[in-house]
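Undergrad: Structure in structure tokens, see below.
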Amino acid sequence: MPELYLVEFKGNRRGYFFNTYYHTLTLGENVIVEAERGEDMGLLSKRVEHEDQVPPDEKPPSILRPAAEEDNARKELNDRDETEAIAKCRELVKRHGLTMKLIDSEYQHDRNKLTFYFTADQRVDFRSLVRDLAGLYKTRIELRQIGVRDAAKRLGGFGVCGLKQCCASFLKGFEPISTQFAREQNLALNPAKISGNCGRLLCCLTYEMEHYREALADFPKQGESYSTDKGEGVIDSINIFDDYMVVKHPNDETEKVTLTDIKKRDRQKKSFFQNWRSRTE
């Protein structure tokens, strides 16, 4: 059985490929792979140990060969021509009066196809634009409309946390995100604080939600009454990272109650009721 590899392409595009011809491969090197009607070039990212990681409807094509010097030279040429192509395409979009925002362009390695990625609020009739581009570049032209989250993934960048965008690093797909997730994580509903570079809600609100729910389960609910040695108060906020909550008393005095104190009190309360039940039975 040939080895299975994950190959990465421009714009954080990824795909699975078999080493059908049993080439000697090195992770981190460029390889030439089978593509639609030709060949494409990508970076050998990692070896896949278990085939069940591949989506069941995906049939991995083959790695044709490690990239040679002439392949790397062609990639440099393609990179330069892609920059010029998107600039020219923007001119044509403006000339045709189309309401679309060009994001990126990408040559297939063998130049049998040139793809332009764009975003738009609605469907765009770009048939005349495709004809102009095909006549100019003498190759197959594809215009692909993508969403703003896909555009951010394709362009890459860094999030408000200072790390590489999740969509451009490890996320395999996008899931629905609700402002309810921000509320449950005690975040202010400020669009500038809870939105990513794409302008949509942060992806991390989704996959961090389970951690917040597990951590918050150890605390009473925010807004509930809570008694301390200083009297009755209301739980004003909860800090799951430093393991404490803030109780606000009627005189506006605030008190920090640690998770250790909360669990100690719960044990004492549980012990009290167990003793009381044993005496009354």
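Identifiers in the structure tokens: chain A, B, ... in order shown; residue index from 1 per chain; ligand index from 1 in order shown.
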Compile the contact shell of stretch 176-182 of chain A as a list of chain:residue names: residues with an atom at most 9 Å away, counting only C-alpha atoms, same-chain residues fewer than 6 positions apart removed.

TA: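 Residues near the query, excluding close chain neighbours: A:Ala188, A:Leu189, A:Ile194, A:Arg200, A:Leu201, A:Leu202, A:Cys203, A:Leu205, A:Thr206, A:Met209.
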
Undergrad: Name all residues at most 10 Å from A:Glu36 (count only C-alpha atoms; drop same-chain ones fewer than 5 positions away) and give them as number ranges by chain.

TA: A: 108, 112-113

Undergrad: Go through stretch 24-264 of chain A and collect every residue that DSSP, computed from the backbone, puts in strand (DSSP E); the answer should be as a VMD selection string.

TA: chain A and resid 30 to 35 38 to 48 63 to 66 101 to 107 113 to 119 140 to 145 225 to 228 231 to 239 244 to 248 254 to 258

Undergrad: So how many Å separate atom CA of A:Val234 and atom CA of A:Leu187, to one decimal?

TA: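 Rounded to one decimal, the two atoms are 18.9 Å apart.
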
Undergrad: Give me the residues near stretch 184-186 of chain A as a count of residues only, where near means some atom within 12 Å (using only C-alpha atoms) and where sequence neighbours in that chain fewer than 4 positions away do not count.

TA: 28

Undergrad: Would you pick out the contacts of stretch 136-147 of chain A at 9 Å or less, using only C-alpha atoms, so that residues sharing its chain but fewer than 6 positions from it are not included, and give the list as JSON, numbers by chain?

TA: {"A": [85, 100, 111, 112, 113, 114, 115, 116, 117, 118, 119, 120, 123, 124, 126, 130]}

Undergrad: Using DSSP assignments from the backbone, pull out every residue in stretch 77-221 of chain A that falls under alpha helix (DSSP H) and give it to me as a PyMOL selection string.

TA: chain A and resi 77-96+127-137+148-155+179-184+191-194+204-207+209-216

Undergrad: Using only C-alpha atoms, can you tell me which of A:Asp125, A:Arg37, A:Ile63, A:His50 comes closest to A:Tyr22?

TA: A:Ile63

Undergrad: To one decimal place, how far is atom CA of A:Asp266 from atom CA of A:Asp229 in Å?

TA: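 Spanning atom CA of A:Asp266 to atom CA of A:Asp229 is a straight-line distance of 14.6 Å.
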
Undergrad: Return the single residue from A:Ile103, A:Leu171, A:Leu133, A:Val257 that is closest to A:Arg154, with distances computed using only C-alpha atoms.

TA: A:Ile103

Undergrad: Given the choices A:Leu4, A:Gly11, A:Arg90, A:Gly199, which gets closest to A:Val54 if the distance is worked out from only C-alpha atoms?

TA: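 The answer is A:Leu4, which sits nearest to A:Val54.
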
Undergrad: Write out as number ranges by chain which residues come within 6 Å of stretch 12-19 of chain A when counting only C-alpha atoms, dropping same-chain ones fewer than 4 positions away.

TA: A: 2-8, 60-63, 154, 168

Undergrad: A:Val31: which residues within 7 Å, counting only C-alpha atoms, same-chain residues fewer than 6 positions away excluded, as a VMD selection string?

TA: chain A and resid 41 to 44 63 65 to 67

Undergrad: When you draw a straight line from atom CA of A:Phe219 to atom CA of A:Asp252, how long is it in Å?

TA: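 Here the two named atoms are 21.4 Å from each other.
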
Undergrad: So, counting only C-alpha atoms, which residue among A:Cys198, A:Leu163, A:Ala68, A:Met1 is closest to A:Glu29?

TA: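 Smallest distance to A:Glu29 is found for A:Ala68.
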
Undergrad: Name all residues at most 7 Å from A:Asp40 (count only C-alpha atoms; drop same-chain ones fewer than 5 positions away) and give them as a short mmCIF file (atom, residue, chain, number, x, y, z; two decimals) with C-alpha atoms, in the first residue's frame.

TA:
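Saved result, result-v1.cif, follows:
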data_model
loop_
_atom_site.label_atom_id
_atom_site.label_comp_id
_atom_site.auth_asym_id
_atom_site.auth_seq_id
_atom_site.Cartn_x
_atom_site.Cartn_y
_atom_site.Cartn_z
CA ILE A 32 4.31 17.65 -8.30
CA VAL A 33 0.89 16.05 -7.96
CA GLU A 34 -1.99 15.03 -10.17
CA ALA A 35 -4.46 17.83 -10.78
CA GLN A 108 -2.11 25.62 -11.87
CA HIS A 109 1.56 24.60 -12.00
CA ASP A 110 1.44 23.57 -15.65
#
